[in-house]
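What follows is the content of protein_16.txt (compact mmCIF, C-alpha atoms).
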```txt
# COMPACT_ATOMS: atom_id res chain seq x y z
CA MET Q 944 37.95 6.19 74.98
CA ARG Q 945 39.91 7.86 72.18
CA VAL Q 946 38.03 7.93 68.89
CA TYR Q 947 39.18 9.01 65.44
CA VAL Q 948 36.53 10.70 63.30
CA PRO Q 949 37.13 10.87 59.53
CA LEU Q 950 36.41 14.28 58.03
CA THR Q 951 37.19 16.61 55.16
CA LEU Q 952 38.41 20.19 55.50
CA PRO Q 953 34.94 21.65 54.74
CA ARG Q 954 33.37 19.34 57.34
CA LEU Q 955 36.01 20.43 59.88
CA ALA Q 956 35.16 24.05 59.07
CA GLN Q 957 31.45 23.35 59.69
CA ALA Q 958 32.25 21.66 63.00
CA HIS Q 959 34.45 24.56 64.03
CA GLU Q 960 31.70 27.06 63.24
CA ALA Q 961 29.05 24.99 65.08
CA GLY Q 962 31.31 24.03 67.98
CA GLU Q 963 30.48 20.37 67.47
CA LEU Q 964 30.31 17.49 65.02
CA GLY Q 965 26.82 16.25 64.56
CA PRO Q 966 24.10 15.48 64.76
CA GLY Q 967 24.76 11.83 65.47
CA PRO Q 968 25.14 9.10 64.74
CA LEU Q 969 28.75 9.65 63.74
CA THR Q 970 31.10 7.02 62.37
CA ALA Q 971 34.48 6.92 64.06
CA TYR Q 972 37.31 4.46 64.66
CA ALA Q 973 38.75 3.25 67.93
CA VAL Q 974 40.64 0.39 69.51
CA THR Q 975 37.92 -2.26 69.49
CA PRO Q 976 38.25 -5.97 70.37
CA ALA Q 977 38.12 -6.84 66.65
CA LEU Q 978 40.91 -4.35 65.86
CA ARG Q 979 43.03 -5.78 68.71
CA GLU Q 980 42.52 -9.31 67.37
CA TRP Q 981 43.30 -8.31 63.78
CA TYR Q 982 46.38 -6.24 64.67
CA VAL Q 983 47.70 -8.81 67.18
CA SER Q 984 49.33 -6.30 69.50
CA ASP Q 985 48.98 -5.25 73.11
CA ASP Q 986 50.76 -1.92 72.53
CA ILE Q 987 48.05 0.73 72.88
CA GLU Q 988 50.03 3.27 70.83
CA GLU Q 989 50.29 0.85 67.92
CA LEU Q 990 46.59 0.02 68.19
CA GLU Q 991 45.59 3.71 68.28
CA TYR Q 992 47.82 4.32 65.24
CA ALA Q 993 45.98 1.49 63.45
CA ALA Q 994 42.63 3.09 64.36
CA LEU Q 995 43.91 6.46 63.11
CA ASN Q 996 44.90 4.84 59.80
CA ARG Q 997 41.45 3.24 59.47
CA ALA Q 998 39.93 6.71 59.94
CA ALA Q 999 42.34 8.15 57.36
CA LEU Q 1000 41.10 5.59 54.83
CA ALA Q 1001 37.51 6.53 55.68
CA SER Q 1002 38.44 10.20 55.13
CA LEU Q 1003 39.80 9.21 51.71
CA ARG Q 1004 36.42 7.62 50.97
CA LEU Q 1005 34.71 10.90 51.91
CA LEU Q 1006 37.02 12.74 49.51
CA ALA Q 1007 36.30 10.25 46.72
CA GLY Q 1008 32.61 11.07 47.05
CA ALA Q 1009 33.11 14.83 47.13
CA PRO Q 1010 34.70 16.19 43.95
CA GLY Q 1011 36.05 19.69 44.38
CA THR Q 1012 36.82 19.18 48.06
CA PRO Q 1013 40.45 19.93 49.00
CA ARG Q 1014 42.33 16.66 48.64
CA ARG Q 1015 43.68 16.35 52.17
CA ARG Q 1016 42.62 13.59 54.55
CA VAL Q 1017 41.41 14.90 57.92
CA VAL Q 1018 40.93 12.94 61.15
CA LEU Q 1019 39.71 14.44 64.41
CA ALA Q 1020 40.94 12.66 67.55
CA ALA Q 1021 38.58 13.05 70.50
CA ASP Q 1022 38.01 11.55 73.92
CA VAL Q 1023 34.52 10.29 74.68
CA PRO Q 1024 33.07 8.33 77.61
CA ASP Q 1025 33.47 4.57 77.15
CA GLY Q 1026 29.77 3.94 76.51
CA ALA Q 1027 29.45 6.76 73.95
CA ALA Q 1028 31.20 4.86 71.16
CA VAL Q 1029 29.84 1.42 70.32
CA ALA Q 1030 31.02 -1.16 67.79
CA ASP Q 1031 28.33 -2.88 65.70
CA PRO Q 1032 28.48 -6.57 66.67
CA ASP Q 1033 26.97 -7.55 63.31
CA ARG Q 1034 29.96 -6.05 61.51
CA GLY Q 1035 32.63 -7.53 63.78
CA LEU Q 1036 33.91 -9.94 61.14
CA ASP Q 1037 33.76 -7.42 58.29
CA GLN Q 1038 37.37 -6.54 57.40
CA GLY Q 1039 36.26 -3.09 56.23
CA ALA Q 1040 34.66 -2.33 59.59
CA LEU Q 1041 37.67 -3.12 61.81
CA GLY Q 1042 37.80 -0.49 64.54
CA GLU Q 1043 34.58 1.17 63.39
CA VAL Q 1044 32.35 2.57 66.12
CA ARG Q 1045 29.21 4.70 66.22
CA ILE Q 1046 28.82 7.77 68.38
CA THR Q 1047 25.10 8.25 68.95
CA GLY Q 1048 25.03 11.97 69.66
CA ALA Q 1049 26.82 15.11 68.61
CA LEU Q 1050 30.49 15.38 69.53
CA PRO Q 1051 31.44 18.73 71.11
CA LEU Q 1052 34.68 20.10 69.66
CA ALA Q 1053 35.75 20.72 73.25
CA LYS Q 1054 36.27 16.92 73.47
CA ALA Q 1055 38.78 17.04 70.62
CA ALA Q 1056 42.35 16.21 71.54
CA ALA Q 1057 43.96 16.94 68.16
CA VAL Q 1058 43.44 17.07 64.41
CA HIS Q 1059 45.48 15.02 61.95
CA VAL Q 1060 45.71 16.40 58.39
CA ASP Q 1061 47.72 15.65 55.27
CA SER Q 1062 50.42 18.13 54.37
CA GLY Q 1063 50.14 20.00 51.11
CA ASP Q 1064 52.74 17.77 49.46
CA ALA Q 1065 50.41 14.78 49.86
CA GLU Q 1066 47.62 16.31 47.76
CA ALA Q 1067 48.69 14.79 44.42
CA ASP Q 1068 48.89 11.27 45.88
CA VAL Q 1069 45.64 11.71 47.84
CA THR Q 1070 43.89 12.97 44.70
CA ALA Q 1071 45.11 9.96 42.73
CA ALA Q 1072 44.10 7.60 45.56
CA ALA Q 1073 40.60 9.10 45.80
CA ASP Q 1074 40.21 8.67 42.04
CA ALA Q 1075 41.42 5.05 42.16
CA LEU Q 1076 39.45 3.97 45.22
CA GLY Q 1077 36.46 2.55 43.34
CA ALA Q 1078 38.62 0.39 41.10
CA ALA Q 1079 40.69 -0.76 44.09
CA ASP Q 1080 37.49 -1.80 45.87
CA HIS Q 1081 36.68 -3.98 42.86
CA GLY Q 1082 40.01 -5.83 43.01
CA ASP Q 1083 42.19 -3.78 40.65
CA ASP Q 1084 45.73 -4.32 41.96
CA ASP Q 1085 47.15 -1.30 40.13
CA ALA Q 1086 44.47 0.93 41.65
CA GLN Q 1087 45.16 -0.56 45.10
CA PHE Q 1088 48.82 0.36 44.64
CA VAL Q 1089 47.75 3.97 43.99
CA VAL Q 1090 45.50 3.97 47.07
CA ASP Q 1091 48.34 2.57 49.17
CA GLY Q 1092 50.49 5.48 47.93
CA ALA Q 1093 48.36 7.90 49.96
CA GLU Q 1094 49.09 5.83 53.06
CA ASP Q 1095 52.79 6.54 52.56
CA HIS Q 1096 52.06 10.08 53.74
CA GLU Q 1097 51.88 10.52 57.50
CA LEU Q 1098 49.09 12.76 58.72
CA LEU Q 1099 50.44 15.80 60.52
CA TRP Q 1100 49.35 16.53 64.10
CA TYR Q 1101 47.69 19.84 64.92
CA ALA Q 1102 46.47 21.16 68.24
CA THR Q 1103 42.78 22.03 68.37
CA GLN Q 1104 43.73 25.71 68.69
CA GLU Q 1105 45.10 25.47 65.15
CA ILE Q 1106 41.75 24.48 63.60
CA PRO Q 1107 40.96 28.09 62.52
CA ASN Q 1108 44.24 28.16 60.57
CA LEU Q 1109 43.55 24.76 58.99
CA VAL Q 1110 40.05 25.61 57.81
CA GLY Q 1111 41.20 29.00 56.55
CA ALA Q 1112 43.78 27.16 54.44
CA GLU Q 1113 41.05 25.41 52.41
CA ASP Q 1114 40.27 28.55 50.37
```

As structure tokens:
Amino acid sequence: MRVYVPLTLPRLAQAHEAGELGPGPLTAYAVTPALREWYVSDDIEELEYAALNRAALASLRLLAGAPGTPRRRVVLAADVPDGAAVADPDRGLDQGALGEVRITGALPLAKAAAVHVDSGDAEADVTAAADALGAADHGDDDAQFVVDGAEDHELLWYATQEIPNLVGAED
């Protein structure tokens, strides 16, 4: 199963140094039955893209709670055994939890398939979105518009071999 783990650049640097993300449990996003039902598609690429976008929003939430962290959303894509990532059945109807899964243990970086990161030109919009997230969560339409502006930026794809260059770029 492909999972998408929301991170920040400092957290990616820690994982790179340790050789794994963890300890568990870790929150990730994947193509779950609830995500399939919500997205109404049988195209696995579209569904995985939706899961990636859910993880990108979760990464934005991490940034909102970490002032001073480089304002670039980071998502690690990894392959785990099917039973290693489990959706919480109690949160199945929660719109905010669509695609959310828990990984019980640490995730070795060797299982990573790729890293998705905002480009530098997205930083201003991501910064504004992180600042507006709280107001958007409370129903402010103008703030939601700002948050949606970050989603206009596609995350760039990086091979796992490029992680040292990405985490070095956070200085």

Which residues of region 1014-1089 of chain Q have any atom within 10 Å of an atom in region 968-971 of chain Q when counting all atoms listed in the file, and what is the closest pair of atoms for each, with the distance in Å to one decimal? Order the rows by chain and rising number and write it as a tab-separated table.
```
residue	atom	partner	partner_atom	distance
Q:Val1018	CA	Q:Ala971	CA	9.3
Q:Leu1019	CA	Q:Ala971	CA	9.2
Q:Ala1020	CA	Q:Ala971	CA	9.3
Q:Ala1021	CA	Q:Ala971	CA	9.8
Q:Ala1028	CA	Q:Ala971	CA	8.1
Q:Val1029	CA	Q:Ala971	CA	9.5
Q:Ala1030	CA	Q:Ala971	CA	9.5
Q:Gly1042	CA	Q:Ala971	CA	8.1
Q:Glu1043	CA	Q:Ala971	CA	5.8
Q:Val1044	CA	Q:Ala971	CA	5.3
Q:Arg1045	CA	Q:Thr970	CA	4.9
Q:Ile1046	CA	Q:Leu969	CA	5.0
Q:Thr1047	CA	Q:Pro968	CA	4.3
Q:Gly1048	CA	Q:Pro968	CA	5.7
Q:Ala1049	CA	Q:Pro968	CA	7.3
Q:Leu1050	CA	Q:Leu969	CA	8.3
```

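Residues lying within 10 Å of (44.9, 16.6, 63.2). Counted over all atoms listed in the file, they are Q:Tyr947, Q:Arg1016, Q:Val1017, Q:Val1018, Q:Leu1019, Q:Ala1020, Q:Ala1055, Q:Ala1056, Q:Ala1057, Q:Val1058, Q:His1059, Q:Val1060, Q:Asp1061, Q:Leu1098, Q:Leu1099, Q:Trp1100, Q:Tyr1101, Q:Ala1102, Q:Thr1103, Q:Glu1105, Q:Ile1106, Q:Leu1109.
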
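Using only C-alpha atoms, the nearest neighbour of Ala999 (chain Q) within the list Q:Gly962, Q:Tyr972, Q:Asp1083, Q:Gly1063 is Q:Tyr972.
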
Practice problem: Identify, on the basis of all atoms listed in the file, every residue whose closest approach to region 1084-1096 of chain Q does not exceed 10 Å; exclude the query and any residue fewer than 4 positions from it along the same chain; express the result as a PyMOL selection string. | Solution: chain Q and resi 996+999-1000+1003+1015-1016+1061-1062+1064-1080

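Here the question is which of Q:Ala961, Q:Val974, Q:Leu950, Q:Leu1041 gets nearest to Arg1014 (chain Q) using only C-alpha atoms, and that residue is Q:Leu950.
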
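Put simply, CA of Gln1038 (chain Q) is 21.7 Å away from CA of Met944 (chain Q).
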
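In this structure, CA of His1081 (chain Q) sits 16.6 Å away from CA of Ala1001 (chain Q).
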
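CA of Leu952 (chain Q) lies 28.9 Å from CA of Gly1082 (chain Q).
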
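In terms of minimum interatomic distance to Glu988 (chain Q), Q:Arg945 ranks closest within Q:Ala956, Q:Arg945, Q:Pro966, Q:Pro1010, counting all atoms listed in the file.
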
Where's the centre, and what are the edge lengths in Å to one decimal, of a box along x, y and z enclosing all listed atoms of region 1094-1109 of chain Q padded 6 Å per side, as lines of an AutoDock Vina configuration file?
```
center_x = 46.9
center_y = 17.0
center_z = 60.6
size_x = 23.8
size_y = 34.3
size_z = 28.1
```

Exercise. Find the residues around Leu1052 (chain Q) up to 8 Å (all atoms listed in the file counted), leave out those fewer than 6 positions away in its own chain, and share them as a ChimeraX atom specification.
Key: /Q:958-959,962-964

Quiz item: Any idea what's packed within 12 Å of Glu989 (chain Q), counting all atoms listed in the file, ignoring anything in its chain fewer than 5 positions away? Could you give it as a PyMOL selection string?
Solution: chain Q and resi 973-974+978-979+982-984+994-996
